[in-house]
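Reproduced below: work27.cif, with mmCIF, C-alpha atoms.
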```cif
data_run
#
loop_
_atom_site.label_atom_id
_atom_site.label_comp_id
_atom_site.auth_asym_id
_atom_site.auth_seq_id
_atom_site.Cartn_x
_atom_site.Cartn_y
_atom_site.Cartn_z
CA MET A 1 4.70 37.00 7.58
CA LEU A 2 3.53 36.77 3.99
CA LYS A 3 2.58 39.97 2.27
CA LYS A 4 0.25 40.40 -0.68
CA GLU A 5 0.96 37.82 -3.36
CA LEU A 6 1.34 38.15 -7.11
CA CYS A 7 0.95 35.32 -9.62
CA SER A 8 2.21 34.53 -13.08
CA ILE A 9 1.93 31.65 -15.51
CA CYS A 10 5.11 30.36 -17.10
CA LYS A 11 4.66 28.56 -20.42
CA PHE A 12 7.31 26.06 -21.48
CA TYR A 13 7.89 25.18 -25.14
CA ALA A 14 10.16 22.15 -25.44
CA VAL A 15 12.92 22.89 -27.95
CA SER A 16 14.47 19.47 -27.31
CA PRO A 17 13.02 16.32 -25.70
CA ILE A 18 12.62 16.49 -21.92
CA HIS A 19 13.47 13.67 -19.52
CA ALA A 20 12.19 14.47 -16.04
CA GLY A 21 12.76 10.99 -14.68
CA SER A 22 10.72 9.05 -12.16
CA GLY A 23 13.41 6.47 -11.40
CA ALA A 24 14.01 2.93 -12.57
CA SER A 25 11.11 0.78 -13.75
CA THR A 26 10.33 -2.91 -14.17
CA SER A 27 8.33 -2.26 -17.35
CA ALA A 28 9.64 -2.29 -20.92
CA VAL A 29 10.85 1.29 -20.47
CA ASP A 30 13.77 1.32 -18.03
CA LEU A 31 13.73 5.07 -17.36
CA PRO A 32 10.18 6.47 -17.62
CA ILE A 33 9.19 10.12 -17.28
CA GLN A 34 7.18 11.66 -14.44
CA ARG A 35 3.43 11.27 -14.70
CA GLU A 36 0.44 12.39 -12.67
CA ARG A 37 -0.87 9.62 -10.45
CA HIS A 38 -4.59 10.11 -11.22
CA THR A 39 -4.44 10.84 -14.98
CA ASN A 40 -1.13 9.22 -16.00
CA TRP A 41 -0.44 12.35 -18.07
CA PRO A 42 3.19 13.52 -18.28
CA HIS A 43 4.14 16.48 -16.11
CA LEU A 44 7.20 18.10 -14.55
CA GLN A 45 7.21 18.00 -10.76
CA ALA A 46 7.39 21.34 -8.99
CA SER A 47 10.70 20.54 -7.29
CA GLY A 48 12.38 20.04 -10.66
CA VAL A 49 10.86 23.21 -12.13
CA LYS A 50 11.90 25.32 -9.14
CA GLY A 51 15.37 23.76 -9.17
CA ALA A 52 15.74 24.67 -12.85
CA PHE A 53 14.64 28.23 -12.09
CA ARG A 54 17.16 28.45 -9.26
CA ALA A 55 20.02 27.11 -11.38
CA HIS A 56 19.19 29.54 -14.19
CA PHE A 57 18.92 32.43 -11.73
CA ARG A 58 22.25 31.45 -10.17
CA ASN A 59 24.02 31.34 -13.54
CA PHE A 60 22.58 34.43 -15.16
CA ALA A 61 21.66 36.87 -12.37
CA ASN A 62 23.40 40.20 -12.31
CA LYS A 63 26.73 39.74 -10.52
CA ASN A 64 25.81 42.62 -8.21
CA ASN A 65 23.02 40.44 -6.82
CA ASN A 66 24.94 38.32 -4.31
CA LYS A 67 23.98 34.80 -3.40
CA GLN A 68 21.93 35.94 -0.42
CA LEU A 69 19.35 37.21 -2.91
CA ILE A 70 19.12 33.68 -4.36
CA ASN A 71 18.47 32.34 -0.85
CA LEU A 72 15.84 35.01 -0.27
CA VAL A 73 13.97 34.25 -3.49
CA PHE A 74 14.24 30.46 -3.60
CA GLY A 75 14.83 29.52 0.04
CA SER A 76 17.95 28.97 2.12
CA ASP A 77 20.51 26.52 0.77
CA GLU A 78 24.12 25.94 1.82
CA GLN A 79 25.06 25.51 -1.85
CA ASP A 80 24.47 29.24 -2.22
CA ASP A 81 26.61 30.20 0.79
CA TRP A 82 23.75 30.20 3.26
CA ASP A 83 25.04 30.99 6.75
CA LYS A 84 24.13 28.15 9.10
CA LYS A 85 23.93 30.64 11.98
CA ILE A 86 20.88 32.26 10.38
CA ASP A 87 17.54 30.54 10.72
CA ASN A 88 16.28 28.79 7.59
CA LEU A 89 14.18 31.09 5.44
CA PRO A 90 11.41 29.83 3.12
CA GLY A 91 11.54 31.07 -0.45
CA ALA A 92 9.58 34.13 -1.50
CA MET A 93 8.62 32.25 -4.68
CA SER A 94 6.54 29.09 -4.98
CA VAL A 95 6.00 26.98 -8.09
CA SER A 96 3.38 24.44 -9.13
CA ASP A 97 3.94 21.30 -11.20
CA ALA A 98 4.30 22.06 -14.91
CA ARG A 99 1.14 20.65 -16.48
CA LEU A 100 0.87 19.42 -20.05
CA LEU A 101 -1.04 21.84 -22.26
CA ALA A 102 -0.53 20.64 -25.84
CA PHE A 103 1.10 17.44 -27.10
CA PRO A 104 2.72 17.06 -30.57
CA MET A 105 1.71 14.11 -32.76
CA ARG A 106 2.87 12.95 -36.20
CA SER A 107 0.19 13.62 -38.80
CA ASN A 108 -0.66 13.32 -42.49
CA ILE A 109 -1.50 17.03 -42.90
CA ALA A 110 1.82 18.38 -41.56
CA PRO A 111 5.00 17.02 -40.01
CA PHE A 112 3.04 17.15 -36.76
CA VAL A 113 0.01 18.73 -35.12
CA TRP A 114 -0.67 19.56 -31.48
CA VAL A 115 -3.51 17.99 -29.53
CA THR A 116 -5.27 18.85 -26.30
CA CYS A 117 -8.54 17.70 -24.72
CA PRO A 118 -11.60 18.98 -22.78
CA SER A 119 -10.16 17.92 -19.41
CA VAL A 120 -6.99 19.93 -20.08
CA LEU A 121 -9.08 22.97 -21.03
CA LYS A 122 -11.23 22.63 -17.92
CA ARG A 123 -8.13 22.48 -15.72
CA LEU A 124 -6.58 25.42 -17.54
CA LYS A 125 -9.73 27.50 -17.12
CA THR A 126 -9.70 26.85 -13.36
CA ASP A 127 -6.02 27.79 -13.13
CA LEU A 128 -6.61 31.03 -15.06
CA GLN A 129 -9.48 31.94 -12.76
CA TYR A 130 -7.29 31.20 -9.76
CA ILE A 131 -4.62 33.70 -10.82
CA GLY A 132 -7.10 36.32 -11.99
CA LEU A 133 -6.96 35.81 -15.77
CA GLY A 134 -10.24 33.94 -16.17
CA GLU A 135 -12.04 36.87 -17.81
CA GLU A 136 -9.15 38.02 -19.99
CA MET A 137 -8.32 34.61 -21.50
CA THR A 138 -11.17 32.94 -23.36
CA ILE A 139 -11.16 29.17 -23.04
CA HIS A 140 -13.97 27.34 -24.84
CA GLU A 141 -14.88 24.08 -23.17
CA GLN A 142 -16.44 21.60 -25.55
CA ASN A 143 -17.64 18.05 -25.22
CA ILE A 144 -15.67 15.93 -27.68
CA GLN A 145 -16.47 12.24 -27.98
CA GLU A 146 -14.63 9.22 -29.39
CA ASP A 147 -12.86 9.99 -32.71
CA LYS A 148 -14.27 13.50 -33.13
CA ALA A 149 -12.11 16.64 -33.05
CA VAL A 150 -12.34 20.42 -33.39
CA SER A 151 -9.67 22.78 -34.69
CA ILE A 152 -8.80 25.41 -32.07
CA GLY A 153 -5.52 26.55 -33.56
CA SER A 154 -4.92 29.41 -35.97
CA ASP A 155 -5.12 27.08 -39.00
CA ASN A 156 -8.36 25.89 -40.58
CA ILE A 157 -8.30 22.09 -40.37
CA SER A 158 -11.24 19.82 -41.22
CA GLY A 159 -11.94 16.31 -42.44
CA GLN A 160 -10.06 13.15 -41.54
CA VAL A 161 -6.69 13.63 -39.88
CA VAL A 162 -4.23 10.86 -39.08
CA LEU A 163 -2.60 11.04 -35.65
CA GLU A 164 0.15 8.40 -35.44
CA ASP A 165 -1.90 5.23 -36.16
CA ALA A 166 -5.28 6.69 -35.20
CA VAL A 167 -7.76 8.74 -37.24
CA VAL A 168 -9.92 11.62 -36.02
CA ASN A 169 -12.71 13.43 -37.85
CA VAL A 170 -12.31 17.18 -37.53
CA SER A 171 -15.57 19.09 -37.81
CA ASP A 172 -16.00 22.24 -39.89
CA GLN A 173 -16.65 24.14 -36.67
CA LYS A 174 -13.64 26.22 -35.59
CA SER A 175 -13.02 27.66 -32.13
CA GLU A 176 -9.83 29.68 -31.72
CA ASP A 177 -8.58 30.16 -28.15
CA LYS A 178 -6.42 33.19 -27.41
CA PHE A 179 -4.41 31.51 -24.67
CA PHE A 180 -2.74 28.85 -26.81
CA GLN A 181 -1.53 30.88 -29.81
CA ILE A 182 -0.56 27.60 -31.48
CA GLU A 183 -0.99 26.61 -35.12
CA ARG A 184 -2.44 23.21 -36.08
CA LEU A 185 -3.99 22.61 -32.64
CA LEU A 186 -6.76 20.04 -32.39
CA LEU A 187 -9.16 19.49 -29.52
CA ILE A 188 -9.63 15.72 -29.30
CA SER A 189 -11.50 13.52 -26.83
CA ASP A 190 -10.13 12.73 -23.39
CA GLU A 191 -9.81 9.07 -24.42
CA MET A 192 -7.84 9.87 -27.56
CA PHE A 193 -5.61 12.29 -25.62
CA ASP A 194 -4.90 9.59 -23.05
CA TYR A 195 -3.83 7.27 -25.87
CA ALA A 196 -1.57 9.98 -27.29
CA VAL A 197 0.31 10.79 -24.08
CA SER A 198 0.49 7.15 -22.99
CA TYR A 199 1.77 5.52 -26.18
CA CYS A 200 3.21 8.29 -28.37
CA THR A 201 6.00 9.67 -26.20
CA GLU A 202 9.58 9.36 -27.47
CA ILE A 203 11.57 6.26 -26.50
CA GLN A 204 15.33 6.34 -27.05
CA THR A 205 17.69 3.38 -26.84
CA ASN A 206 20.93 3.98 -24.94
CA ILE A 207 24.02 1.81 -24.66
CA LYS A 208 27.50 2.21 -23.17
CA ILE A 209 30.41 1.49 -25.48
CA ASN A 210 33.45 -0.25 -24.01
CA SER A 211 36.43 1.93 -24.96
CA LYS A 212 38.75 -1.08 -25.26
CA THR A 213 36.58 -3.36 -27.38
CA GLY A 214 34.54 -0.72 -29.22
CA THR A 215 31.39 -2.76 -28.57
CA ALA A 216 28.52 -2.38 -26.15
CA ASP A 217 29.10 -3.34 -22.52
CA ASP A 218 27.02 -6.27 -21.33
CA GLY A 219 23.87 -5.13 -19.58
CA SER A 220 24.24 -1.51 -20.72
CA LEU A 221 21.21 -1.51 -23.04
CA ARG A 222 18.39 0.61 -21.64
CA TYR A 223 15.28 2.32 -22.93
CA GLN A 224 14.67 5.91 -21.87
CA GLU A 225 11.41 7.84 -22.23
CA PHE A 226 11.21 11.52 -23.21
CA LEU A 227 8.48 14.10 -23.49
CA PRO A 228 8.81 15.00 -27.19
CA ALA A 229 10.23 18.25 -28.49
CA ASP A 230 7.51 20.82 -29.24
CA SER A 231 5.46 19.79 -26.19
CA VAL A 232 3.85 22.77 -24.43
CA LEU A 233 3.43 22.94 -20.64
CA TYR A 234 2.63 25.59 -18.06
CA ALA A 235 3.21 26.21 -14.34
CA ILE A 236 1.73 28.69 -11.87
CA VAL A 237 4.24 30.83 -9.97
CA HIS A 238 3.47 32.76 -6.75
CA TYR A 239 5.51 35.65 -5.39
CA SER A 240 5.24 36.94 -1.83
CA GLY A 241 6.97 39.82 -0.04
CA ARG A 242 9.21 39.46 2.99
CA ASP A 243 9.85 41.67 6.01
CA LEU A 244 12.42 41.73 8.81
CA GLY A 245 9.97 40.15 11.21
CA GLU A 246 10.56 36.81 9.51
CA ILE A 247 14.15 36.62 10.77
CA ASN A 248 14.52 35.57 14.39
CA ASN A 249 18.16 36.64 14.49
CA ASP A 250 18.33 40.27 15.71
CA ASP A 251 21.97 40.70 14.71
CA LYS A 252 22.24 43.98 12.82
CA GLN A 253 25.09 42.50 10.81
CA ASN A 254 22.67 40.01 9.27
CA PRO A 255 23.45 40.09 5.51
CA LEU A 256 19.75 39.69 4.67
CA ALA A 257 18.68 42.82 6.55
CA VAL A 258 19.33 45.18 3.65
CA LEU A 259 17.89 42.79 1.07
CA ILE A 260 14.66 42.06 2.91
CA LYS A 261 13.88 45.64 3.86
CA ASP A 262 10.95 46.73 1.67
CA MET A 263 11.38 43.66 -0.56
CA ASN A 264 7.79 43.33 -1.73
CA ALA A 265 6.20 40.74 -4.01
CA GLU A 266 6.52 42.93 -7.09
CA MET A 267 10.26 43.32 -6.58
CA ILE A 268 10.66 39.55 -6.16
CA LYS A 269 8.61 38.99 -9.30
CA ASN A 270 10.68 41.45 -11.32
CA HIS A 271 13.96 39.93 -10.10
CA VAL A 272 12.87 36.46 -11.20
CA GLU A 273 11.18 37.23 -14.51
CA ASP A 274 13.88 39.66 -15.64
CA THR A 275 16.49 36.95 -15.06
CA VAL A 276 14.72 33.64 -15.79
CA LYS A 277 13.73 34.27 -19.39
CA ASP A 278 14.20 33.21 -23.01
CA PHE A 279 15.52 29.64 -22.58
CA ILE A 280 15.95 27.29 -19.65
CA GLN A 281 17.12 23.70 -19.15
CA ILE A 282 14.89 21.26 -17.23
CA GLY A 283 15.37 17.59 -16.40
CA GLY A 284 18.24 15.20 -17.04
CA ASP A 285 20.79 14.65 -19.83
CA GLU A 286 21.81 18.30 -19.92
CA THR A 287 25.15 17.43 -21.57
CA LEU A 288 23.21 15.73 -24.39
CA GLY A 289 21.21 18.88 -25.11
CA LYS A 290 18.00 17.57 -23.61
CA GLY A 291 15.42 19.59 -21.72
CA ILE A 292 15.91 22.94 -23.46
CA CYS A 293 12.71 24.99 -23.18
CA LYS A 294 11.70 28.40 -24.44
CA ILE A 295 9.73 30.16 -21.71
CA THR A 296 7.07 32.86 -21.80
CA TRP A 297 5.67 34.70 -18.78
CA LEU A 298 1.99 35.63 -18.54
CA GLU A 299 1.21 38.04 -15.74
CA GLY A 300 -1.71 37.18 -13.48
CA GLY A 301 -3.72 39.14 -10.95
CA ALA A 302 -2.89 40.01 -7.39
#
```
Before we go any further, please render this structure as structure tokens.
Amino acid sequence: MLKKELCSICKFYAVSPIHAGSGASTSAVDLPIQRERHTNWPHLQASGVKGAFRAHFRNFANKNNNKQLINLVFGSDEQDDWDKKIDNLPGAMSVSDARLLAFPMRSNIAPFVWVTCPSVLKRLKTDLQYIGLGEEMTIHEQNIQEDKAVSIGSDNISGQVVLEDAVVNVSDQKSEDKFFQIERLLLISDEMFDYAVSYCTEIQTNIKINSKTGTADDGSLRYQEFLPADSVLYAIVHYSGRDLGEINNDDKQNPLAVLIKDMNAEMIKNHVEDTVKDFIQIGGDETLGKGICKITWLEGGA
């Protein structure tokens, strides 16, 4: 039985490039990143985000919190010493896909600026309303066409701005949004944003060196796509309480009995957000320093 739920938004700031892979490809890029089917925008699938949360929780949770707490929060898993004799238990925490919020682009006015678009703002506004922050966070939806742009960051930007090999004309009108808290943020058209996230991601060339010859192995050349460092994403996280009625096993020796008793949504939320904080690693190439994100929690409504 699910008890009253709580929600939060987790913002991810990419400290290093992120490769959340979608498998092999027949295109020019051998290892592309995950993208939404209907928009083709980059995102991080919920399974990968939740897995990263679980791994972080497992590594940094207080040692007094045994592994049964991990199973309670994230769902039963034999990797965390889940007893097969106990019925499988769904996690008390659920996570959405991490959606792209602001994308960094090389520019003539700074090393880079961030861009977003009206469709991203519309989606964000709906998500904020869903978790009960719609009134507290002001999101200004504007209709931006073609090569026009509006500055919504904390800096005053106007005039012509070069974004990679495109040019946008930033109006004198300024509209600062409290949610982003990002400098040098431009609101560009949906079409220009689609160009940015489709053709301005980071592509790295990888090869395998033969230790005997010191040269590249035949067939080892591959091109790997990354979501650039300084990308900003967000995910919605739900927390729900648990009670003893969820366990079909009546054995009083059940190790979850003590944990689940009075374990409400607020306690689950506090366990997670007090442990999964500061920095987290998401996606592949962990040993190469990829996928490091700084995270920030925004508390939603009940």
Report as a JSON list (two decimals) with C-alpha atoms, keeping the file's coordinate frame all protein, DNA and RNA residues lying within 8 Å of region 200-202 of chain A, evaluated on all atoms listed in the file, omitting residues in the same chain fewer than 2 positions from it.
```json
[["chain", "number", "residue", "atom", "x", "y", "z"],
["A", 17, "PRO", "CA", 13.02, 16.32, -25.70],
["A", 105, "MET", "CA", 1.71, 14.11, -32.76],
["A", 164, "GLU", "CA", 0.15, 8.40, -35.44],
["A", 195, "TYR", "CA", -3.83, 7.27, -25.87],
["A", 196, "ALA", "CA", -1.57, 9.98, -27.29],
["A", 197, "VAL", "CA", 0.31, 10.79, -24.08],
["A", 198, "SER", "CA", 0.49, 7.15, -22.99],
["A", 204, "GLN", "CA", 15.33, 6.34, -27.05],
["A", 225, "GLU", "CA", 11.41, 7.84, -22.23],
["A", 226, "PHE", "CA", 11.21, 11.52, -23.21],
["A", 227, "LEU", "CA", 8.48, 14.10, -23.49],
["A", 228, "PRO", "CA", 8.81, 15.00, -27.19]]
```
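Evaluated against the shown file, the PyMOL selection byres ((chain A and resi 113) around 10) gives Ala102, Phe103, Pro104, Met105, Arg106, Ser107, Asn108, Ile109, Ala110, Pro111, Phe112, Trp114, Val115, Gly153, Val161, Val162, Leu163, Ile182, Glu183, Arg184, Leu185, Leu186 and Asp230 of chain A.
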I need the residue set behind the PyMOL selection byres ((chain A and resi 284) around 12) for this file; please write it as a PDB file with C-alpha atoms, in the frame of the given file.
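For reference, expr23.pdb as written:
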```pdb
ATOM      1  CA  SER A  16      14.470  19.470 -27.310  1.00  0.00           C
ATOM      2  CA  PRO A  17      13.020  16.320 -25.700  1.00  0.00           C
ATOM      3  CA  ILE A  18      12.620  16.490 -21.920  1.00  0.00           C
ATOM      4  CA  HIS A  19      13.470  13.670 -19.520  1.00  0.00           C
ATOM      5  CA  ALA A  20      12.190  14.470 -16.040  1.00  0.00           C
ATOM      6  CA  GLY A  21      12.760  10.990 -14.680  1.00  0.00           C
ATOM      7  CA  SER A  22      10.720   9.050 -12.160  1.00  0.00           C
ATOM      8  CA  GLY A  23      13.410   6.470 -11.400  1.00  0.00           C
ATOM      9  CA  LEU A  31      13.730   5.070 -17.360  1.00  0.00           C
ATOM     10  CA  PRO A  32      10.180   6.470 -17.620  1.00  0.00           C
ATOM     11  CA  ILE A  33       9.190  10.120 -17.280  1.00  0.00           C
ATOM     12  CA  GLN A  34       7.180  11.660 -14.440  1.00  0.00           C
ATOM     13  CA  LEU A  44       7.200  18.100 -14.550  1.00  0.00           C
ATOM     14  CA  GLY A  48      12.380  20.040 -10.660  1.00  0.00           C
ATOM     15  CA  VAL A  49      10.860  23.210 -12.130  1.00  0.00           C
ATOM     16  CA  GLY A  51      15.370  23.760  -9.170  1.00  0.00           C
ATOM     17  CA  ALA A  52      15.740  24.670 -12.850  1.00  0.00           C
ATOM     18  CA  GLN A 224      14.670   5.910 -21.870  1.00  0.00           C
ATOM     19  CA  GLU A 225      11.410   7.840 -22.230  1.00  0.00           C
ATOM     20  CA  PHE A 226      11.210  11.520 -23.210  1.00  0.00           C
ATOM     21  CA  LEU A 227       8.480  14.100 -23.490  1.00  0.00           C
ATOM     22  CA  GLN A 281      17.120  23.700 -19.150  1.00  0.00           C
ATOM     23  CA  ILE A 282      14.890  21.260 -17.230  1.00  0.00           C
ATOM     24  CA  GLY A 283      15.370  17.590 -16.400  1.00  0.00           C
ATOM     25  CA  ASP A 285      20.790  14.650 -19.830  1.00  0.00           C
ATOM     26  CA  GLU A 286      21.810  18.300 -19.920  1.00  0.00           C
ATOM     27  CA  THR A 287      25.150  17.430 -21.570  1.00  0.00           C
ATOM     28  CA  LEU A 288      23.210  15.730 -24.390  1.00  0.00           C
ATOM     29  CA  GLY A 289      21.210  18.880 -25.110  1.00  0.00           C
ATOM     30  CA  LYS A 290      18.000  17.570 -23.610  1.00  0.00           C
ATOM     31  CA  GLY A 291      15.420  19.590 -21.720  1.00  0.00           C
ATOM     32  CA  ILE A 292      15.910  22.940 -23.460  1.00  0.00           C
TER      33      ILE A 292
END
```
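Distance check against Ser47 (chain A) using only C-alpha atoms: of A:Leu101, A:Ile268, A:Leu298, A:Ala235, the minimum falls on A:Ala235.
Each of A:Cys293, A:Leu69, A:Leu124, A:Ala24 was compared to Lys277 (chain A) using only C-alpha atoms, and A:Cys293 turns out to be the nearest.
CA of Ile144 (chain A) lies 9.6 Å from CA of Glu191 (chain A).
Proximity ranking of A:Ser231, A:Ser240, A:Thr275, A:Gln160 relative to Glu5 (chain A) places A:Ser240 first, based on only C-alpha atoms.
For the atom pair formed by CA of His56 (chain A) and CA of Tyr239 (chain A), the distance is 17.4 Å, given to one decimal.
Of the listed residues (A:His238, A:Lys269, A:Lys50, A:Arg35), A:Arg35 comes nearest to Leu100 (chain A); the distances count all atoms listed in the file.
The smallest atom-to-atom distance between Arg58 (chain A) and any of A:Lys125, A:His38, A:His271, A:Lys212, using all atoms listed in the file, is found for A:His271.
Separating CA of Asp147 (chain A) from CA of Pro118 (chain A) is a distance of 13.5 Å.
When only C-alpha atoms are used to measure the gap to Asp194 (chain A), the shortest distance among A:Ala55, A:Lys174, A:Cys117, A:Lys11 belongs to A:Cys117.
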